[in-house]
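J.: Structure file query_38.pdb, PDB, C-alpha atoms, is pasted below:
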ATOM      1  CA  MET A   1       0.000   0.000   0.000
ATOM      2  CA  ASP A   2       1.122   3.558  -0.655
ATOM      3  CA  ASN A   3       1.771   5.703   2.389
ATOM      4  CA  PRO A   4      -1.622   5.817   4.122
ATOM      5  CA  ILE A   5      -3.636   9.019   4.117
ATOM      6  CA  TRP A   6      -5.843   9.402   7.180
ATOM      7  CA  MET A   7      -8.738  11.820   6.696
ATOM      8  CA  ILE A   8      -9.837  13.237  10.055
ATOM      9  CA  GLY A   9     -13.057  14.990  11.062
ATOM     10  CA  ASP A  10     -13.579  18.148  13.125
ATOM     11  CA  VAL A  11     -11.200  18.318  16.111
ATOM     12  CA  GLN A  12     -12.568  21.587  17.562
ATOM     13  CA  GLY A  13      -9.993  21.839  20.299
ATOM     14  CA  CYS A  14     -10.401  18.280  21.642
ATOM     15  CA  GLY A  15      -6.707  17.730  22.209
ATOM     16  CA  THR A  16      -6.844  14.546  24.283
ATOM     17  CA  PRO A  17      -8.845  12.541  21.705
ATOM     18  CA  LEU A  18      -6.600  13.957  18.968
ATOM     19  CA  ASP A  19      -3.477  12.708  20.732
ATOM     20  CA  ALA A  20      -5.089   9.308  21.279
ATOM     21  CA  LEU A  21      -6.027   9.100  17.610
ATOM     22  CA  LEU A  22      -2.556  10.038  16.383
ATOM     23  CA  LYS A  23      -1.012   7.473  18.761
ATOM     24  CA  HIS A  24      -3.263   4.633  17.576
ATOM     25  CA  PRO A  25      -0.977   1.799  16.421
ATOM     26  CA  GLU A  26      -2.505   1.699  12.933
ATOM     27  CA  ILE A  27      -2.155   5.454  12.494
ATOM     28  CA  ASP A  28       1.160   6.110  14.245
ATOM     29  CA  GLN A  29       3.333   4.917  11.368
ATOM     30  CA  PRO A  30       6.348   6.721   9.834
ATOM     31  CA  GLY A  31       4.724   7.108   6.425
ATOM     32  CA  SER A  32       1.264   8.187   7.569
ATOM     33  CA  ARG A  33      -0.152  11.426   6.183
ATOM     34  CA  PHE A  34      -3.114  13.365   7.522
ATOM     35  CA  TRP A  35      -5.922  15.445   6.068
ATOM     36  CA  PHE A  36      -7.878  17.487   8.602
ATOM     37  CA  ALA A  37     -11.356  18.565   7.503
ATOM     38  CA  GLY A  38     -11.246  21.939   9.262
ATOM     39  CA  ASP A  39     -12.445  23.373  12.572
ATOM     40  CA  LEU A  40      -9.184  22.522  14.253
ATOM     41  CA  VAL A  41     -10.069  24.786  17.184
ATOM     42  CA  ASN A  42     -12.863  26.229  19.330
ATOM     43  CA  ARG A  43     -15.558  24.894  21.651
ATOM     44  CA  GLY A  44     -13.320  22.115  22.988
ATOM     45  CA  PRO A  45     -11.091  22.580  26.087
ATOM     46  CA  GLN A  46      -7.666  22.277  24.411
ATOM     47  CA  SER A  47      -7.676  24.547  21.379
ATOM     48  CA  LEU A  48      -4.096  25.734  21.879
ATOM     49  CA  ALA A  49      -2.681  22.225  22.322
ATOM     50  CA  SER A  50      -4.664  20.952  19.323
ATOM     51  CA  LEU A  51      -3.410  23.718  17.053
ATOM     52  CA  ARG A  52       0.196  23.214  18.125
ATOM     53  CA  ARG A  53      -0.097  19.434  17.700
ATOM     54  CA  ILE A  54      -1.416  19.676  14.156
ATOM     55  CA  LYS A  55       1.063  22.394  13.184
ATOM     56  CA  ALA A  56       3.916  20.189  14.472
ATOM     57  CA  LEU A  57       2.994  17.517  11.917
ATOM     58  CA  GLY A  58       4.511  19.779   9.277
ATOM     59  CA  ASP A  59       4.313  18.587   5.685
ATOM     60  CA  ARG A  60       2.680  15.328   6.775
ATOM     61  CA  ALA A  61      -0.610  17.174   7.324
ATOM     62  CA  ILE A  62      -3.047  19.088   5.126
ATOM     63  CA  SER A  63      -5.272  21.238   7.328
ATOM     64  CA  ILE A  64      -8.377  22.701   5.698
ATOM     65  CA  LEU A  65      -9.815  25.918   7.112
ATOM     66  CA  GLY A  66     -13.247  25.679   8.732
ATOM     67  CA  ASN A  67     -15.635  28.330   9.994
ATOM     68  CA  HIS A  68     -14.251  28.159  13.547
ATOM     69  CA  ASP A  69     -10.709  28.600  12.250
ATOM     70  CA  LEU A  70     -11.792  31.661  10.277
ATOM     71  CA  HIS A  71     -13.535  32.954  13.399
ATOM     72  CA  LEU A  72     -10.244  32.696  15.292
ATOM     73  CA  LEU A  73      -8.527  34.689  12.549
ATOM     74  CA  ALA A  74     -11.273  37.328  12.657
ATOM     75  CA  VAL A  75     -11.055  37.666  16.441
ATOM     76  CA  SER A  76      -7.271  37.917  16.280
ATOM     77  CA  ALA A  77      -7.630  40.686  13.690
ATOM     78  CA  GLY A  78     -10.106  42.639  15.836
ATOM     79  CA  ILE A  79     -12.879  42.169  13.272
ATOM     80  CA  ARG A  80     -15.072  39.999  15.480
ATOM     81  CA  ALA A  81     -15.647  39.815  19.229
ATOM     82  CA  PRO A  82     -15.293  36.441  20.965
ATOM     83  CA  SER A  83     -18.534  34.639  21.764
ATOM     84  CA  LYS A  84     -19.383  33.220  25.192
ATOM     85  CA  ASN A  85     -18.732  29.636  24.059
ATOM     86  CA  ASP A  86     -15.351  30.302  22.433
ATOM     87  CA  THR A  87     -12.250  28.519  23.725
ATOM     88  CA  ILE A  88      -9.713  30.426  21.648
ATOM     89  CA  GLN A  89      -8.468  33.014  24.151
ATOM     90  CA  GLU A  90      -5.619  30.740  25.232
ATOM     91  CA  ILE A  91      -4.358  30.828  21.644
ATOM     92  CA  LEU A  92      -4.510  34.620  21.496
ATOM     93  CA  ASP A  93      -2.655  34.858  24.830
ATOM     94  CA  ALA A  94       0.026  32.306  23.930
ATOM     95  CA  PRO A  95       3.661  33.406  23.448
ATOM     96  CA  ASP A  96       3.583  31.875  19.961
ATOM     97  CA  ALA A  97       0.190  33.396  19.088
ATOM     98  CA  GLN A  98       1.404  35.326  16.054
ATOM     99  CA  GLU A  99       3.220  32.292  14.694
ATOM    100  CA  LEU A 100       0.095  30.180  15.080
ATOM    101  CA  ILE A 101      -2.163  32.809  13.483
ATOM    102  CA  ASP A 102       0.209  33.216  10.538
ATOM    103  CA  TRP A 103       0.392  29.447  10.093
ATOM    104  CA  LEU A 104      -3.385  29.122  10.221
ATOM    105  CA  ARG A 105      -4.114  31.847   7.680
ATOM    106  CA  ASN A 106      -1.780  30.098   5.243
ATOM    107  CA  ARG A 107      -3.811  26.875   5.291
ATOM    108  CA  PRO A 108      -5.948  25.941   2.244
ATOM    109  CA  LEU A 109      -9.737  25.926   1.951
ATOM    110  CA  ALA A 110      -9.707  22.950  -0.422
ATOM    111  CA  HIS A 111      -7.400  20.072  -1.292
ATOM    112  CA  PHE A 112      -7.634  17.575  -4.147
ATOM    113  CA  GLU A 113      -5.628  14.380  -4.431
ATOM    114  CA  ALA A 114      -6.217  10.759  -5.467
ATOM    115  CA  GLY A 115      -9.740  11.470  -6.663
ATOM    116  CA  HIS A 116     -10.767  13.016  -3.323
ATOM    117  CA  LEU A 117     -11.692  16.661  -2.773
ATOM    118  CA  MET A 118     -11.593  17.786   0.858
ATOM    119  CA  ILE A 119     -13.385  20.934   2.000
ATOM    120  CA  HIS A 120     -14.857  21.812   5.389
ATOM    121  CA  ALA A 121     -18.567  22.174   4.640
ATOM    122  CA  GLY A 122     -19.764  21.895   1.043
ATOM    123  CA  VAL A 123     -19.366  22.529  -2.680
ATOM    124  CA  LEU A 124     -21.930  24.366  -4.786
ATOM    125  CA  HIS A 125     -23.506  22.201  -7.447
ATOM    126  CA  LYS A 126     -22.121  24.176 -10.404
ATOM    127  CA  TRP A 127     -18.524  23.856  -9.253
ATOM    128  CA  THR A 128     -16.262  21.123 -10.566
ATOM    129  CA  ALA A 129     -13.340  19.998  -8.421
ATOM    130  CA  GLN A 130     -10.966  22.187 -10.415
ATOM    131  CA  LYS A 131     -13.248  25.209 -10.172
ATOM    132  CA  THR A 132     -13.568  24.640  -6.425
ATOM    133  CA  LEU A 133      -9.781  24.691  -6.086
ATOM    134  CA  ALA A 134      -9.525  27.847  -8.184
ATOM    135  CA  LEU A 135     -12.185  29.665  -6.156
ATOM    136  CA  ALA A 136     -10.649  28.507  -2.884
ATOM    137  CA  ALA A 137      -7.334  29.912  -4.111
ATOM    138  CA  GLU A 138      -8.945  33.349  -4.514
ATOM    139  CA  VAL A 139      -9.803  33.414  -0.818
ATOM    140  CA  GLU A 140      -6.456  31.895   0.153
ATOM    141  CA  ALA A 141      -4.688  34.735  -1.651
ATOM    142  CA  VAL A 142      -6.638  37.257   0.432
ATOM    143  CA  LEU A 143      -5.847  35.485   3.711
ATOM    144  CA  ARG A 144      -2.157  35.238   2.853
ATOM    145  CA  GLY A 145      -1.846  38.860   1.728
ATOM    146  CA  LYS A 146      -0.480  41.855   3.636
ATOM    147  CA  ASN A 147      -3.964  43.307   4.156
ATOM    148  CA  TRP A 148      -5.575  40.033   5.201
ATOM    149  CA  GLN A 149      -7.340  41.633   8.165
ATOM    150  CA  LYS A 150      -9.226  43.997   5.867
ATOM    151  CA  GLY A 151      -9.993  41.216   3.414
ATOM    152  CA  LEU A 152     -11.452  39.054   6.168
ATOM    153  CA  GLN A 153     -14.122  41.669   6.875
ATOM    154  CA  LYS A 154     -15.788  40.703   3.597
ATOM    155  CA  MET A 155     -16.783  37.239   4.756
ATOM    156  CA  TYR A 156     -19.641  38.155   7.103
ATOM    157  CA  GLY A 157     -23.220  37.906   5.851
ATOM    158  CA  ASN A 158     -25.522  35.318   4.254
ATOM    159  CA  GLU A 159     -25.885  36.801   0.788
ATOM    160  CA  PRO A 160     -25.591  36.161  -2.077
ATOM    161  CA  MET A 161     -27.245  32.764  -1.755
ATOM    162  CA  GLN A 162     -26.587  31.546  -5.299
ATOM    163  CA  TRP A 163     -23.425  31.428  -7.353
ATOM    164  CA  ARG A 164     -22.881  33.500 -10.479
ATOM    165  CA  ASP A 165     -19.625  33.610 -12.390
ATOM    166  CA  ASP A 166     -19.856  37.398 -12.710
ATOM    167  CA  LEU A 167     -19.842  38.009  -8.939
ATOM    168  CA  THR A 168     -17.022  40.296  -7.837
ATOM    169  CA  GLY A 169     -15.572  41.863  -4.704
ATOM    170  CA  SER A 170     -17.033  41.103  -1.293
ATOM    171  CA  LYS A 171     -20.032  39.201  -2.701
ATOM    172  CA  ARG A 172     -17.747  36.785  -4.510
ATOM    173  CA  ILE A 173     -15.476  36.227  -1.505
ATOM    174  CA  ARG A 174     -18.461  35.797   0.814
ATOM    175  CA  ILE A 175     -20.288  33.121  -1.150
ATOM    176  CA  ILE A 176     -17.089  31.143  -1.687
ATOM    177  CA  ILE A 177     -16.397  31.159   2.057
ATOM    178  CA  ASN A 178     -20.014  30.423   2.958
ATOM    179  CA  ALA A 179     -20.154  27.426   0.647
ATOM    180  CA  LEU A 180     -16.809  25.961   1.645
ATOM    181  CA  THR A 181     -17.073  26.555   5.404
ATOM    182  CA  ARG A 182     -20.761  26.993   6.407
ATOM    183  CA  MET A 183     -23.144  25.321   3.943
ATOM    184  CA  ARG A 184     -25.300  22.297   4.774
ATOM    185  CA  MET A 185     -28.635  22.558   2.958
ATOM    186  CA  CYS A 186     -29.622  24.075  -0.386
ATOM    187  CA  THR A 187     -32.714  24.459  -2.515
ATOM    188  CA  ILE A 188     -32.914  22.132  -5.493
ATOM    189  CA  LYS A 189     -31.755  25.091  -7.593
ATOM    190  CA  GLY A 190     -28.585  25.348  -5.550
ATOM    191  CA  GLU A 191     -29.422  28.368  -3.374
ATOM    192  CA  ILE A 192     -27.648  28.158  -0.022
ATOM    193  CA  ASP A 193     -29.713  27.945   3.163
ATOM    194  CA  LEU A 194     -27.530  28.817   6.152
ATOM    195  CA  ASN A 195     -30.181  28.366   8.823
ATOM    196  CA  SER A 196     -30.502  24.570   8.772
ATOM    197  CA  LYS A 197     -28.275  22.652  11.201
ATOM    198  CA  ALA A 198     -30.367  19.550  11.843
ATOM    199  CA  SER A 199     -29.849  16.165  10.258
ATOM    200  CA  PRO A 200     -31.365  15.933   6.765
ATOM    201  CA  ARG A 201     -32.864  12.609   7.820
ATOM    202  CA  GLY A 202     -35.428  14.490   9.874
ATOM    203  CA  GLN A 203     -36.127  17.262   7.377
ATOM    204  CA  ARG A 204     -39.684  17.439   6.126
ATOM    205  CA  ASN A 205     -39.194  20.600   4.101
ATOM    206  CA  SER A 206     -39.149  19.320   0.539
ATOM    207  CA  THR A 207     -37.735  22.603  -0.763
ATOM    208  CA  LEU A 208     -34.346  21.898   0.861
ATOM    209  CA  VAL A 209     -31.870  19.092   0.208
ATOM    210  CA  PRO A 210     -28.337  18.407   1.438
ATOM    211  CA  TRP A 211     -25.834  20.230  -0.757
ATOM    212  CA  PHE A 212     -24.448  16.871  -1.958
ATOM    213  CA  ASP A 213     -27.882  15.857  -3.293
ATOM    214  CA  VAL A 214     -28.601  18.960  -5.379
ATOM    215  CA  PRO A 215     -29.458  17.709  -8.902
ATOM    216  CA  GLY A 216     -26.666  18.006 -11.435
ATOM    217  CA  ARG A 217     -23.831  18.393  -8.925
ATOM    218  CA  ALA A 218     -20.629  18.763 -10.940
ATOM    219  CA  THR A 219     -18.449  16.978  -8.354
ATOM    220  CA  ARG A 220     -20.250  13.624  -8.522
ATOM    221  CA  ASP A 221     -17.272  12.274 -10.472
ATOM    222  CA  VAL A 222     -15.001  12.635  -7.428
ATOM    223  CA  THR A 223     -15.350  11.874  -3.714
ATOM    224  CA  VAL A 224     -15.974  15.036  -1.692
ATOM    225  CA  VAL A 225     -14.800  14.680   1.916
ATOM    226  CA  PHE A 226     -16.143  17.115   4.494
ATOM    227  CA  GLY A 227     -16.933  17.757   8.152
ATOM    228  CA  HIS A 228     -19.005  20.560   9.715
ATOM    229  CA  TRP A 229     -22.239  18.547  10.057
ATOM    230  CA  SER A 230     -22.251  16.719  13.382
ATOM    231  CA  THR A 231     -25.997  16.067  13.230
ATOM    232  CA  LEU A 232     -25.471  14.244   9.943
ATOM    233  CA  GLY A 233     -22.630  12.220  11.433
ATOM    234  CA  LEU A 234     -20.593   9.575   9.653
ATOM    235  CA  MET A 235     -21.738   9.151   6.064
ATOM    236  CA  VAL A 236     -19.833   7.130   3.488
ATOM    237  CA  ARG A 237     -20.899   7.197  -0.162
ATOM    238  CA  PRO A 238     -18.887   6.867  -3.363
ATOM    239  CA  ASP A 239     -19.360  10.589  -4.079
ATOM    240  CA  ALA A 240     -19.448  12.082  -0.554
ATOM    241  CA  ILE A 241     -17.994  11.311   2.883
ATOM    242  CA  CYS A 242     -18.885  13.167   6.093
ATOM    243  CA  LEU A 243     -16.386  12.749   8.938
ATOM    244  CA  ASP A 244     -17.853  15.065  11.584
ATOM    245  CA  THR A 245     -19.000  12.681  14.294
ATOM    246  CA  GLY A 246     -19.511  15.306  17.002
ATOM    247  CA  CYS A 247     -16.345  14.909  19.043
ATOM    248  CA  VAL A 248     -16.889  18.210  20.858
ATOM    249  CA  TRP A 249     -20.486  17.211  21.618
ATOM    250  CA  GLY A 250     -19.527  13.944  23.298
ATOM    251  CA  GLY A 251     -19.364  11.834  20.157
ATOM    252  CA  GLN A 252     -16.231  10.460  18.501
ATOM    253  CA  LEU A 253     -13.197  11.775  16.656
ATOM    254  CA  THR A 254     -13.150   9.875  13.380
ATOM    255  CA  ALA A 255     -10.301   9.029  11.017
ATOM    256  CA  MET A 256     -10.758   7.215   7.711
ATOM    257  CA  ARG A 257      -7.954   5.751   5.632
ATOM    258  CA  LEU A 258      -8.376   7.009   2.086
ATOM    259  CA  GLN A 259      -7.016   3.896   0.419
ATOM    260  CA  ASP A 260      -9.472   1.342   1.840
ATOM    261  CA  ARG A 261     -12.051   3.279   3.921
ATOM    262  CA  ARG A 262     -10.756   1.781   7.175
ATOM    263  CA  ILE A 263     -12.375   3.746  10.034
ATOM    264  CA  ILE A 264     -10.887   4.389  13.479
ATOM    265  CA  GLN A 265     -12.835   6.321  16.120
ATOM    266  CA  ILE A 266     -11.846   7.701  19.519
ATOM    267  CA  PRO A 267     -14.563   8.428  22.143
ATOM    268  CA  CYS A 268     -14.759  12.097  23.128
ATOM    269  CA  LEU A 269     -16.904  12.141  26.269
ATOM    270  CA  GLN A 270     -14.382  14.351  28.062
ATOM    271  CA  CYS A 271     -14.853  16.999  25.385
ATOM    272  CA  GLN A 272     -18.621  17.267  25.720
ATOM    273  CA  ASN A 273     -19.615  20.923  25.448
ATOM    274  CA  PRO A 274     -22.593  22.288  27.421
ATOM    275  CA  ALA A 275     -23.622  24.693  24.651
ATOM    276  CA  ASP A 276     -27.140  24.208  23.320
ATOM    277  CA  PHE A 277     -26.373  23.219  19.739
ATOM    278  CA  PRO A 278     -23.374  22.561  17.500
ATOM    279  CA  GLY A 279     -22.221  25.331  15.202
TER     280      GLY A 279
END
How would this structure read if it were set down as structure tokens?
T.:
Amino acid sequence: MDNPIWMIGDVQGCGTPLDALLKHPEIDQPGSRFWFAGDLVNRGPQSLASLRRIKALGDRAISILGNHDLHLLAVSAGIRAPSKNDTIQEILDAPDAQELIDWLRNRPLAHFEAGHLMIHAGVLHKWTAQKTLALAAEVEAVLRGKNWQKGLQKMYGNEPMQWRDDLTGSKRIRIIINALTRMRMCTIKGEIDLNSKASPRGQRNSTLVPWFDVPGRATRDVTVVFGHWSTLGLMVRPDAICLDTGCVWGGQLTAMRLQDRRIIQIPCLQCQNPADFPG
């Protein structure tokens, strides 16, 4: 077998389960590589340790940016105030805070390899894998630029809800970020609905479908791997894999080996968060 690639769901600052996962005898191998599906930090009790642990993996790890990671960047830039359930202050107060923030803002929003496209939340139905990478690169260029703090201000808001190729400026940046880091449900025409957080299994509203079931989705020819949707939980299909199994809500931290779909899960009861609902 080629060097194994372990695709890992939302960590969200659950450092103890992360360490246990990385020390698992099947995973802790010299050639192992890691793809993290975003939301490395926040809500869990060990955001600083988690971020340092993943950063220390160096080139062995691909870490996708999630909405909580972007929130950390926004708070660090003074664009957003911390919320009552945040657990990111220890990062901002750390002696290596600037190094960690600079490392984080240089992470990708999408990664494609071996027929698998990893993003944090979703892909709009008109986007191919290559278009997704190109659009993600537009946002990555903003985050990696000298004026990244100003550029980050453009991401807040729920509109536009539907993609158009002629979108420019803040509207273009915003819908790219919203799709890649926040989206769960869409209309059958591909309009984003950012209010739905529940499992689609219990949805009775026939006007909304999971983003991966929008008719005519252009990424059905690849496997899209994502997190962000703890109420959906583990889902494994040829064209879509969800790896968010609610670690921070008392569920499990899940890793899947890309080559053969081998799944390893670590219980996360010690990371259970008292907040009302996952975000």
J.: Which residues would end up in the selection if the PyMOL selection byres ((chain A and resi 67) around 10) were applied here, given that I need the answer as a list in words?
T.: Gly38, Asp39, Leu40, Val41, Asn42, Leu65, Gly66, His68, Asp69, Leu70, His71, Leu72, Leu73, His120, Ala121, Ile177, Asn178, Leu180, Thr181, Arg182, His228 and Gly279 of chain A
J.: Okay, now the selection with C-alpha atoms, as a tab-separated table (two decimals), in the frame of the given file?
T.:
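Contents of the output file again35.tsv:
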chain	number	residue	atom	x	y	z
A	38	GLY	CA	-11.25	21.94	9.26
A	39	ASP	CA	-12.44	23.37	12.57
A	40	LEU	CA	-9.18	22.52	14.25
A	41	VAL	CA	-10.07	24.79	17.18
A	42	ASN	CA	-12.86	26.23	19.33
A	65	LEU	CA	-9.82	25.92	7.11
A	66	GLY	CA	-13.25	25.68	8.73
A	68	HIS	CA	-14.25	28.16	13.55
A	69	ASP	CA	-10.71	28.60	12.25
A	70	LEU	CA	-11.79	31.66	10.28
A	71	HIS	CA	-13.54	32.95	13.40
A	72	LEU	CA	-10.24	32.70	15.29
A	73	LEU	CA	-8.53	34.69	12.55
A	120	HIS	CA	-14.86	21.81	5.39
A	121	ALA	CA	-18.57	22.17	4.64
A	177	ILE	CA	-16.40	31.16	2.06
A	178	ASN	CA	-20.01	30.42	2.96
A	180	LEU	CA	-16.81	25.96	1.64
A	181	THR	CA	-17.07	26.56	5.40
A	182	ARG	CA	-20.76	26.99	6.41
A	228	HIS	CA	-19.00	20.56	9.72
A	279	GLY	CA	-22.22	25.33	15.20
J.: The PyMOL selection byres ((chain A and resi 256) around 9) - which residues does that actually catch in the file I just gave you? List them as a PDB file with C-alpha atoms, keeping the file's coordinate frame.
T.:
ATOM      1  CA  ILE A   5      -3.636   9.019   4.117  1.00  0.00           C
ATOM      2  CA  TRP A   6      -5.843   9.402   7.180  1.00  0.00           C
ATOM      3  CA  MET A   7      -8.738  11.820   6.696  1.00  0.00           C
ATOM      4  CA  ILE A   8      -9.837  13.237  10.055  1.00  0.00           C
ATOM      5  CA  GLY A   9     -13.057  14.990  11.062  1.00  0.00           C
ATOM      6  CA  LEU A 243     -16.386  12.749   8.938  1.00  0.00           C
ATOM      7  CA  THR A 254     -13.150   9.875  13.380  1.00  0.00           C
ATOM      8  CA  ALA A 255     -10.301   9.029  11.017  1.00  0.00           C
ATOM      9  CA  ARG A 257      -7.954   5.751   5.632  1.00  0.00           C
ATOM     10  CA  LEU A 258      -8.376   7.009   2.086  1.00  0.00           C
ATOM     11  CA  GLN A 259      -7.016   3.896   0.419  1.00  0.00           C
ATOM     12  CA  ASP A 260      -9.472   1.342   1.840  1.00  0.00           C
ATOM     13  CA  ARG A 261     -12.051   3.279   3.921  1.00  0.00           C
ATOM     14  CA  ARG A 262     -10.756   1.781   7.175  1.00  0.00           C
ATOM     15  CA  ILE A 263     -12.375   3.746  10.034  1.00  0.00           C
ATOM     16  CA  ILE A 264     -10.887   4.389  13.479  1.00  0.00           C
ATOM     17  CA  GLN A 265     -12.835   6.321  16.120  1.00  0.00           C
TER      18      GLN A 265
END
J.: Record the distance separating CA of Glu138 (chain A) and CA of Pro82 (chain A), expressed in Å with one decimal.
T.: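 These two atoms are separated by 26.4 Å.
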J.: So how many Å separate CA of Pro267 (chain A) and CA of Phe34 (chain A), to one decimal?
T.: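 Atom-to-atom, CA of Pro267 (chain A) to CA of Phe34 (chain A), that is 19.2 Å.
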J.: Quick one: residues within 12 Å of Glu113 (chain A), all atoms listed in the file, excluding same-chain residues fewer than 4 positions away - as a list in words?
T.: Ile5, Met7, Trp35, Ile62, Leu117, Met118, Ala129, Gln130, Leu133, Val222, Thr223, Val224, Val225, Leu258 and Gln259 of chain A
J.: Enter the distance from CA of Leu208 (chain A) to CA of Met185 (chain A), in Å, rounded to one decimal.
T.: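 Going from CA of Leu208 (chain A) over to CA of Met185 (chain A) covers 6.1 Å.
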J.: What are the centre and the three edge lengths of an axis-aligned box that wraps all atoms of region 58-67 of chain A in the file, given that 8 Å is added to every side, written as lines of an AutoDock Vina configuration file and rounded to one decimal in Å?
T.:
center_x = -5.6
center_y = 21.8
center_z = 7.6
size_x = 36.1
size_y = 29.0
size_z = 20.9
J.: Rank A:Asp239, A:Ile176, A:Ala74, A:Leu152 by their smallest atom-to-atom distance to Leu109 (chain A), using all atoms listed in the file, and report the top residue only.
T.: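 The shortest atom-to-atom distance to Leu109 (chain A) comes from A:Ile176.
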J.: Would you mind putting N, CA, C and O atoms back on region 186-198 of chain A and writing the result as a PDB file, in the frame of the given file?
T.:
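The file below, rebuild35.pdb, is the result:
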ATOM      1  N   CYS A 186     -29.381  23.196   0.756  1.00  0.00           N
ATOM      2  CA  CYS A 186     -29.622  24.075  -0.386  1.00  0.00           C
ATOM      3  C   CYS A 186     -31.034  23.825  -0.912  1.00  0.00           C
ATOM      4  O   CYS A 186     -31.653  22.803  -0.612  1.00  0.00           O
ATOM      5  N   THR A 187     -31.518  24.752  -1.734  1.00  0.00           N
ATOM      6  CA  THR A 187     -32.714  24.459  -2.515  1.00  0.00           C
ATOM      7  C   THR A 187     -32.293  23.564  -3.684  1.00  0.00           C
ATOM      8  O   THR A 187     -31.097  23.417  -3.979  1.00  0.00           O
ATOM      9  N   ILE A 188     -33.252  23.000  -4.365  1.00  0.00           N
ATOM     10  CA  ILE A 188     -32.914  22.132  -5.493  1.00  0.00           C
ATOM     11  C   ILE A 188     -32.294  22.924  -6.644  1.00  0.00           C
ATOM     12  O   ILE A 188     -31.700  22.336  -7.546  1.00  0.00           O
ATOM     13  N   LYS A 189     -32.403  24.249  -6.589  1.00  0.00           N
ATOM     14  CA  LYS A 189     -31.755  25.091  -7.593  1.00  0.00           C
ATOM     15  C   LYS A 189     -30.348  25.520  -7.164  1.00  0.00           C
ATOM     16  O   LYS A 189     -29.679  26.244  -7.887  1.00  0.00           O
ATOM     17  N   GLY A 190     -29.938  25.061  -5.994  1.00  0.00           N
ATOM     18  CA  GLY A 190     -28.585  25.348  -5.550  1.00  0.00           C
ATOM     19  C   GLY A 190     -28.423  26.615  -4.749  1.00  0.00           C
ATOM     20  O   GLY A 190     -27.295  27.074  -4.531  1.00  0.00           O
ATOM     21  N   GLU A 191     -29.521  27.200  -4.240  1.00  0.00           N
ATOM     22  CA  GLU A 191     -29.422  28.368  -3.374  1.00  0.00           C
ATOM     23  C   GLU A 191     -29.084  27.915  -1.956  1.00  0.00           C
ATOM     24  O   GLU A 191     -29.702  27.004  -1.411  1.00  0.00           O
ATOM     25  N   ILE A 192     -28.107  28.561  -1.349  1.00  0.00           N
ATOM     26  CA  ILE A 192     -27.648  28.158  -0.022  1.00  0.00           C
ATOM     27  C   ILE A 192     -28.657  28.564   1.044  1.00  0.00           C
ATOM     28  O   ILE A 192     -29.150  29.691   1.053  1.00  0.00           O
ATOM     29  N   ASP A 193     -28.941  27.644   1.962  1.00  0.00           N
ATOM     30  CA  ASP A 193     -29.713  27.945   3.163  1.00  0.00           C
ATOM     31  C   ASP A 193     -28.776  27.765   4.354  1.00  0.00           C
ATOM     32  O   ASP A 193     -28.322  26.651   4.618  1.00  0.00           O
ATOM     33  N   LEU A 194     -28.493  28.866   5.055  1.00  0.00           N
ATOM     34  CA  LEU A 194     -27.530  28.817   6.152  1.00  0.00           C
ATOM     35  C   LEU A 194     -28.187  28.716   7.523  1.00  0.00           C
ATOM     36  O   LEU A 194     -27.519  28.836   8.539  1.00  0.00           O
ATOM     37  N   ASN A 195     -29.476  28.468   7.548  1.00  0.00           N
ATOM     38  CA  ASN A 195     -30.181  28.366   8.823  1.00  0.00           C
ATOM     39  C   ASN A 195     -30.349  26.931   9.300  1.00  0.00           C
ATOM     40  O   ASN A 195     -30.577  26.701  10.485  1.00  0.00           O
ATOM     41  N   SER A 196     -30.251  25.971   8.420  1.00  0.00           N
ATOM     42  CA  SER A 196     -30.502  24.570   8.772  1.00  0.00           C
ATOM     43  C   SER A 196     -29.249  23.927   9.350  1.00  0.00           C
ATOM     44  O   SER A 196     -28.196  23.935   8.726  1.00  0.00           O
ATOM     45  N   LYS A 197     -29.382  23.366  10.559  1.00  0.00           N
ATOM     46  CA  LYS A 197     -28.275  22.652  11.201  1.00  0.00           C
ATOM     47  C   LYS A 197     -28.638  21.204  11.539  1.00  0.00           C
ATOM     48  O   LYS A 197     -27.768  20.417  11.883  1.00  0.00           O
ATOM     49  N   ALA A 198     -29.914  20.882  11.459  1.00  0.00           N
ATOM     50  CA  ALA A 198     -30.367  19.550  11.843  1.00  0.00           C
ATOM     51  C   ALA A 198     -29.961  18.508  10.813  1.00  0.00           C
ATOM     52  O   ALA A 198     -29.529  18.830   9.703  1.00  0.00           O
TER      53      ALA A 198
END
